[in-house]
Amino acid sequence: MKRGFYTIMAAQFFSSLADNALLIAAIAMLLELHGPAWLTPLLKFFFTVSYVVLAFAVGAFADSMPKGRVMFITNLVKVAGCLLILFNEFLHFAGLPAYWLVLMAYAVVGLGAAAYSPAKYGILTELLPPEQLVIANGWIEGLTVASIVLGTLLGGMLIGNRLSASLLGFDLPAIDTSINTAPEAAVVVIGVIYIVAALFNLAIPDTGARYSHQERNPVRLLVDFSRCFTTLWRDKLGQISLAVTTLFWGAGATLQFIVLKWAEKSLDLPLSQGAVLQGVSALGIAAGAVLAARLVPLKRAVRVLPFGVGMGLVILAMIPVTWMPLVYVLLIVVGAMAGFFVVPMNALLQHRGHVLLSAGHSIAVQNFNENVSILVMLALYSVMLRLDLHIHFIIAMFGLFVASTMYLVIRWNAANHRADPNLDRLIGEVKH
């Protein structure tokens, strides 16, 4: 791997570490402000909405300048979001409760993340040849999962009184306020981590990749995005990988909140310990990602699809389990299956997107689809909570949905290969 790849990994680690710690801190802040339980999944909803609304523009933004600079700017936006969360008590307007203001501030962090993502993944296709993309994605996903584990653990630790005690009462220079609660102290630490990530962004080398002048007219951007969207969905390899990653990210975001609710209702665990279970699942994803990077070449990426069906079926086994060692085993197995099937699919999608479109534009289309899935699935989960459905019923519906949808994707892929038996020859093709 080129040396610049490791700088990208370091920047991604710290940015993702802060993202995951901030989710736990924001949940704790909502609880402290007595927000209703069904509002908690909407944190991720507000975070994600920028990915969908701005999808037509972020690809052009990512391709408009060296991607290290794009990542630096967007991490600063995340810092601004942290400041808004921290000072939500000063932002009362229109009579909104304080917990709604936390959601809006969290949406600003999502704005930074939405603009960050096309640059983060797009730079891989600029820096590395196609045959290294599965390995690179395995490393990136493994490191991202490590940041999820450590981020959720860090978030759980920061909202605990012991670690936050030293920060409580800390006065910010030239600002007449103080840090009075554990969630506020956590947000301060997380803001510093975003700044560390931004410093690594400055060290990312310029790959030398340059694209034609990027359109700034919103109407033309929408037209161009529509063209890219249609191109990727019409490609017989692109559509399969796009369908899988779209399902995975929607299911993964929802599973985060399902695990927290399951920990509370079935295992009698508080938020700080429920966050640890998220980390356990992420360890499984890391293991699956590493195995995929070692065992699955890009040309055989579609052969991992059955693991998606298996993941959905294993989720069903969570319902009767209360013995903690078995809880850990199940979450690791679910995570490992997820990591093993999504890493090759992600690499295949990046490759086809780079061949058909450009780095930034293809990732923007990918993000749009994946985050529409997140918005829809989180909204449905929030409605289920609002209807007070039992968590076991929710888990059953979720597992069956994942398994059946992945089975349909397998049938779809088989039909594509029957129509074009030489379809796999396109894998590894480079853009001229």
# chains A, B, ... in the order shown; residues from 1 in each chain; ligands from 1
$ select_by_dssp --residues "region 164-323 of chain A" --states "alpha helix (DSSP H)" --output "ChimeraX atom specification"
/A:164,182-202,218-234,236-265,271-295,306-316
$ closest_atom_pairs --of "region 301-345 of chain A" --to "region 234-244 of chain A" --cutoff "8 Å" --atoms "only C-alpha atoms" --output "CSV"
residue,atom,partner,partner_atom,distance
A:Val302,CA,A:Ser241,CA,8.0
A:Val342,CA,A:Val244,CA,7.3
A:Met345,CA,A:Ser241,CA,5.0
$ residues_around --residues "region 362-370 of chain A" --least-positions-apart "6" --cutoff "9 Å" --atoms "only C-alpha atoms" --output "number ranges by chain"
A: 51-60, 114-115, 117-119, 121-122, 225-226, 228-229, 232, 242-243, 245-250, 349-350, 352-354, 356
$ residues_around --residues "Ala37 (chain A)" --least-positions-apart "4" --cutoff "9 Å" --atoms "only C-alpha atoms" --output "list in words"
Leu30, Leu31, Pro41, Ser382, Leu385 and Arg386 of chain A
$ write_last_selection --atoms "all heavy atoms" --output "PDB file, in the first residue's frame"
ATOM      1  N   LEU A  30     -30.265  13.615  25.294  1.00  0.00           N
ATOM      2  CA  LEU A  30     -31.713  13.531  25.113  1.00  0.00           C
ATOM      3  C   LEU A  30     -32.386  12.961  26.357  1.00  0.00           C
ATOM      4  O   LEU A  30     -33.442  13.441  26.785  1.00  0.00           O
ATOM      5  CB  LEU A  30     -32.048  12.655  23.905  1.00  0.00           C
ATOM      6  CG  LEU A  30     -31.874  13.261  22.510  1.00  0.00           C
ATOM      7  CD1 LEU A  30     -32.328  12.265  21.447  1.00  0.00           C
ATOM      8  CD2 LEU A  30     -32.641  14.572  22.364  1.00  0.00           C
ATOM      9  N   LEU A  31     -31.788  11.924  26.944  1.00  0.00           N
ATOM     10  CA  LEU A  31     -32.341  11.340  28.165  1.00  0.00           C
ATOM     11  C   LEU A  31     -32.335  12.351  29.302  1.00  0.00           C
ATOM     12  O   LEU A  31     -33.294  12.455  30.071  1.00  0.00           O
ATOM     13  CB  LEU A  31     -31.549  10.090  28.558  1.00  0.00           C
ATOM     14  CG  LEU A  31     -31.648   8.888  27.610  1.00  0.00           C
ATOM     15  CD1 LEU A  31     -30.710   7.774  28.055  1.00  0.00           C
ATOM     16  CD2 LEU A  31     -33.079   8.380  27.532  1.00  0.00           C
ATOM     17  N   PRO A  41     -34.146   7.221  17.999  1.00  0.00           N
ATOM     18  CA  PRO A  41     -33.703   6.842  16.642  1.00  0.00           C
ATOM     19  C   PRO A  41     -33.648   8.016  15.670  1.00  0.00           C
ATOM     20  O   PRO A  41     -32.928   7.955  14.669  1.00  0.00           O
ATOM     21  CB  PRO A  41     -34.775   5.823  16.198  1.00  0.00           C
ATOM     22  CG  PRO A  41     -35.407   5.352  17.447  1.00  0.00           C
ATOM     23  CD  PRO A  41     -35.343   6.495  18.405  1.00  0.00           C
ATOM     24  N   SER A 382     -38.822   3.965  14.526  1.00  0.00           N
ATOM     25  CA  SER A 382     -39.367   4.970  15.447  1.00  0.00           C
ATOM     26  C   SER A 382     -40.879   4.830  15.578  1.00  0.00           C
ATOM     27  O   SER A 382     -41.440   4.949  16.681  1.00  0.00           O
ATOM     28  CB  SER A 382     -38.995   6.377  14.960  1.00  0.00           C
ATOM     29  OG  SER A 382     -39.394   7.357  15.885  1.00  0.00           O
ATOM     30  N   LEU A 385     -41.658   1.951  17.840  1.00  0.00           N
ATOM     31  CA  LEU A 385     -41.511   2.334  19.246  1.00  0.00           C
ATOM     32  C   LEU A 385     -42.692   3.195  19.692  1.00  0.00           C
ATOM     33  O   LEU A 385     -43.186   3.042  20.817  1.00  0.00           O
ATOM     34  CB  LEU A 385     -40.202   3.101  19.456  1.00  0.00           C
ATOM     35  CG  LEU A 385     -38.897   2.317  19.299  1.00  0.00           C
ATOM     36  CD1 LEU A 385     -37.705   3.227  19.568  1.00  0.00           C
ATOM     37  CD2 LEU A 385     -38.861   1.122  20.246  1.00  0.00           C
ATOM     38  N   ARG A 386     -43.123   4.088  18.803  1.00  0.00           N
ATOM     39  CA  ARG A 386     -44.252   4.955  19.142  1.00  0.00           C
ATOM     40  C   ARG A 386     -45.517   4.132  19.370  1.00  0.00           C
ATOM     41  O   ARG A 386     -46.354   4.463  20.212  1.00  0.00           O
ATOM     42  CB  ARG A 386     -44.487   5.951  18.001  1.00  0.00           C
ATOM     43  CG  ARG A 386     -45.521   7.032  18.309  1.00  0.00           C
ATOM     44  CD  ARG A 386     -44.965   8.051  19.275  1.00  0.00           C
ATOM     45  NE  ARG A 386     -45.892   9.130  19.536  1.00  0.00           N
ATOM     46  CZ  ARG A 386     -46.867   9.102  20.447  1.00  0.00           C
ATOM     47  NH1 ARG A 386     -47.040   8.017  21.186  1.00  0.00           N
ATOM     48  NH2 ARG A 386     -47.642  10.145  20.638  1.00  0.00           N
TER      49      ARG A 386
END
$ residues_around --residues "Leu39 (chain A)" --least-positions-apart "3" --cutoff "12 Å" --atoms "only C-alpha atoms" --output "ChimeraX atom specification"
/A:26-27,29-31,33-36,42-46,99-100,102-103,257,378-379,381-386
$ residues_around --residues "Ala301 (chain A)" --least-positions-apart "2" --cutoff "10 Å" --atoms "only C-alpha atoms" --output "NGL selection string"
:A and (134 or 241 or 292 or 296-299 or 303-305 or 341-348 or 424 or 427)
$ write_last_selection --atoms "N, CA, C and O atoms" --output "compact mmCIF listing (two decimals), in the first residue's frame"
# COMPACT_ATOMS: atom_id res chain seq x y z
N VAL A 134 -10.31 -4.34 -2.68
CA VAL A 134 -10.90 -5.19 -1.64
C VAL A 134 -10.03 -5.16 -0.39
O VAL A 134 -10.52 -5.04 0.74
N SER A 241 -24.40 -4.70 -6.31
CA SER A 241 -23.60 -4.20 -5.19
C SER A 241 -24.28 -3.01 -4.53
O SER A 241 -24.25 -2.86 -3.30
N ALA A 292 -12.71 -11.25 4.65
CA ALA A 292 -13.09 -10.96 3.27
C ALA A 292 -11.90 -10.39 2.49
O ALA A 292 -11.67 -10.74 1.33
N VAL A 296 -11.45 -13.10 -0.37
CA VAL A 296 -12.37 -12.83 -1.47
C VAL A 296 -11.74 -11.83 -2.45
O VAL A 296 -11.70 -10.63 -2.17
N PRO A 297 -11.27 -12.28 -3.61
CA PRO A 297 -10.78 -11.33 -4.62
C PRO A 297 -11.95 -10.59 -5.24
O PRO A 297 -13.10 -11.06 -5.20
N LEU A 298 -11.66 -9.47 -5.86
CA LEU A 298 -12.71 -8.64 -6.44
C LEU A 298 -13.55 -9.41 -7.46
O LEU A 298 -14.77 -9.25 -7.52
N LYS A 299 -12.93 -10.28 -8.24
CA LYS A 299 -13.64 -11.01 -9.29
C LYS A 299 -14.68 -11.99 -8.72
O LYS A 299 -15.56 -12.44 -9.43
N ARG A 303 -20.05 -13.79 -4.82
CA ARG A 303 -20.23 -15.11 -4.19
C ARG A 303 -20.50 -15.02 -2.69
O ARG A 303 -20.83 -16.03 -2.06
N VAL A 304 -20.36 -13.84 -2.09
CA VAL A 304 -20.57 -13.71 -0.64
C VAL A 304 -22.02 -13.38 -0.30
O VAL A 304 -22.37 -13.28 0.88
N LEU A 305 -22.88 -13.25 -1.29
CA LEU A 305 -24.26 -12.83 -1.04
C LEU A 305 -25.02 -13.73 -0.05
O LEU A 305 -25.80 -13.22 0.76
N PHE A 341 -19.77 -10.05 3.98
CA PHE A 341 -20.46 -9.85 2.70
C PHE A 341 -20.45 -8.40 2.22
O PHE A 341 -20.53 -8.13 1.03
N VAL A 342 -20.30 -7.43 3.14
CA VAL A 342 -20.40 -6.04 2.67
C VAL A 342 -19.08 -5.51 2.12
O VAL A 342 -19.08 -4.66 1.21
N VAL A 343 -17.93 -5.98 2.62
CA VAL A 343 -16.65 -5.45 2.15
C VAL A 343 -16.42 -5.74 0.66
O VAL A 343 -16.09 -4.82 -0.11
N PRO A 344 -16.60 -6.99 0.18
CA PRO A 344 -16.45 -7.20 -1.27
C PRO A 344 -17.48 -6.43 -2.09
O PRO A 344 -17.16 -5.93 -3.18
N MET A 345 -18.71 -6.32 -1.59
CA MET A 345 -19.74 -5.57 -2.31
C MET A 345 -19.38 -4.08 -2.40
O MET A 345 -19.58 -3.44 -3.42
N ASN A 346 -18.84 -3.56 -1.31
CA ASN A 346 -18.44 -2.15 -1.30
C ASN A 346 -17.31 -1.91 -2.30
O ASN A 346 -17.31 -0.91 -3.04
N ALA A 347 -16.34 -2.82 -2.32
CA ALA A 347 -15.22 -2.69 -3.25
C ALA A 347 -15.69 -2.77 -4.70
O ALA A 347 -15.25 -2.01 -5.56
N LEU A 348 -16.61 -3.72 -4.97
CA LEU A 348 -17.14 -3.87 -6.33
C LEU A 348 -17.90 -2.61 -6.76
O LEU A 348 -17.75 -2.13 -7.89
N ASP A 424 -18.93 -11.30 -15.44
CA ASP A 424 -17.82 -11.09 -14.51
C ASP A 424 -16.56 -10.58 -15.19
O ASP A 424 -15.62 -10.14 -14.52
N ILE A 427 -15.34 -7.07 -14.25
CA ILE A 427 -14.67 -6.79 -12.98
C ILE A 427 -13.17 -6.72 -13.22
O ILE A 427 -12.56 -7.64 -13.78
$ residues_around --residues "Lys120 (chain A)" --least-positions-apart "6" --cutoff "8 Å" --atoms "only C-alpha atoms" --output "NGL selection string"
:A and (8 or 12 or 67 or 71)
$ write_last_selection --atoms "N, CA, C and O atoms" --output "compact mmCIF listing (two decimals), in the first residue's frame"
# COMPACT_ATOMS: atom_id res chain seq x y z
N ILE A 8 -4.64 8.38 5.39
CA ILE A 8 -6.10 8.36 5.21
C ILE A 8 -6.74 7.52 6.31
O ILE A 8 -7.76 7.90 6.89
N GLN A 12 -9.46 8.77 9.03
CA GLN A 12 -10.75 8.11 9.11
C GLN A 12 -11.01 7.55 10.51
O GLN A 12 -12.12 7.62 11.03
N LYS A 67 -8.84 15.83 -2.25
CA LYS A 67 -9.79 15.27 -1.30
C LYS A 67 -9.33 15.40 0.16
O LYS A 67 -10.16 15.40 1.07
N MET A 71 -11.79 16.78 3.15
CA MET A 71 -11.95 16.10 4.44
C MET A 71 -11.63 17.03 5.61
O MET A 71 -12.27 16.98 6.66
$ atom_distance --atom1 "CA of Val189 (chain A)" --atom2 "CA of Lys261 (chain A)"
26.0 Å
$ closest_residue --among "A:Val309, A:Leu154, A:Trp38, A:Ala136" --to "Leu380 (chain A)" --atoms "only C-alpha atoms"
A:Trp38
$ decode --residues "region 96-120 of chain A" --atoms "N, CA and C atoms" --output "short mmCIF file (atom, residue, chain, number, x, y, z; two decimals), in the first residue's frame"
data_model
loop_
_atom_site.label_atom_id
_atom_site.label_comp_id
_atom_site.auth_asym_id
_atom_site.auth_seq_id
_atom_site.Cartn_x
_atom_site.Cartn_y
_atom_site.Cartn_z
N LEU A 96 -39.27 25.78 20.80
CA LEU A 96 -38.95 24.36 20.70
C LEU A 96 -38.32 23.85 21.99
N PRO A 97 -38.65 22.63 22.41
CA PRO A 97 -37.97 22.03 23.57
C PRO A 97 -36.48 21.85 23.28
N ALA A 98 -35.68 21.81 24.35
CA ALA A 98 -34.23 21.72 24.19
C ALA A 98 -33.81 20.45 23.45
N TYR A 99 -34.56 19.35 23.63
CA TYR A 99 -34.11 18.12 22.98
C TYR A 99 -34.26 18.19 21.46
N TRP A 100 -35.19 19.00 20.93
CA TRP A 100 -35.26 19.20 19.49
C TRP A 100 -34.06 19.99 18.97
N LEU A 101 -33.55 20.88 19.79
CA LEU A 101 -32.38 21.66 19.40
C LEU A 101 -31.13 20.78 19.34
N VAL A 102 -31.06 19.78 20.22
CA VAL A 102 -29.96 18.82 20.14
C VAL A 102 -30.02 18.07 18.81
N LEU A 103 -31.21 17.68 18.39
CA LEU A 103 -31.37 16.99 17.11
C LEU A 103 -30.90 17.87 15.95
N MET A 104 -31.25 19.15 16.00
CA MET A 104 -30.86 20.06 14.92
C MET A 104 -29.34 20.27 14.88
N ALA A 105 -28.75 20.39 16.06
CA ALA A 105 -27.29 20.54 16.11
C ALA A 105 -26.60 19.28 15.61
N TYR A 106 -27.17 18.13 15.94
CA TYR A 106 -26.61 16.86 15.47
C TYR A 106 -26.72 16.76 13.94
N ALA A 107 -27.75 17.38 13.37
CA ALA A 107 -27.89 17.42 11.92
C ALA A 107 -26.74 18.17 11.26
N VAL A 108 -26.18 19.18 11.95
CA VAL A 108 -25.03 19.90 11.41
C VAL A 108 -23.82 18.98 11.32
N VAL A 109 -23.64 18.14 12.34
CA VAL A 109 -22.56 17.14 12.28
C VAL A 109 -22.79 16.21 11.09
N GLY A 110 -24.05 15.84 10.86
CA GLY A 110 -24.38 15.02 9.70
C GLY A 110 -24.06 15.71 8.39
N LEU A 111 -24.22 17.02 8.35
CA LEU A 111 -23.88 17.79 7.15
C LEU A 111 -22.39 17.62 6.83
N GLY A 112 -21.55 17.73 7.86
CA GLY A 112 -20.11 17.53 7.66
C GLY A 112 -19.80 16.11 7.21
N ALA A 113 -20.49 15.14 7.81
CA ALA A 113 -20.25 13.74 7.45
C ALA A 113 -20.67 13.45 6.01
N ALA A 114 -21.78 14.06 5.57
CA ALA A 114 -22.27 13.84 4.21
C ALA A 114 -21.27 14.33 3.17
N ALA A 115 -20.65 15.47 3.44
CA ALA A 115 -19.67 16.01 2.50
C ALA A 115 -18.32 15.29 2.62
N TYR A 116 -18.06 14.68 3.78
CA TYR A 116 -16.80 13.99 4.03
C TYR A 116 -16.72 12.65 3.30
N SER A 117 -17.86 11.94 3.24
CA SER A 117 -17.85 10.57 2.76
C SER A 117 -17.38 10.37 1.32
N PRO A 118 -17.86 11.17 0.33
CA PRO A 118 -17.37 10.96 -1.04
C PRO A 118 -15.86 11.14 -1.16
N ALA A 119 -15.31 12.06 -0.38
CA ALA A 119 -13.86 12.26 -0.43
C ALA A 119 -13.13 11.09 0.22
N LYS A 120 -13.66 10.60 1.34
CA LYS A 120 -13.02 9.51 2.09
C LYS A 120 -12.90 8.25 1.24
#
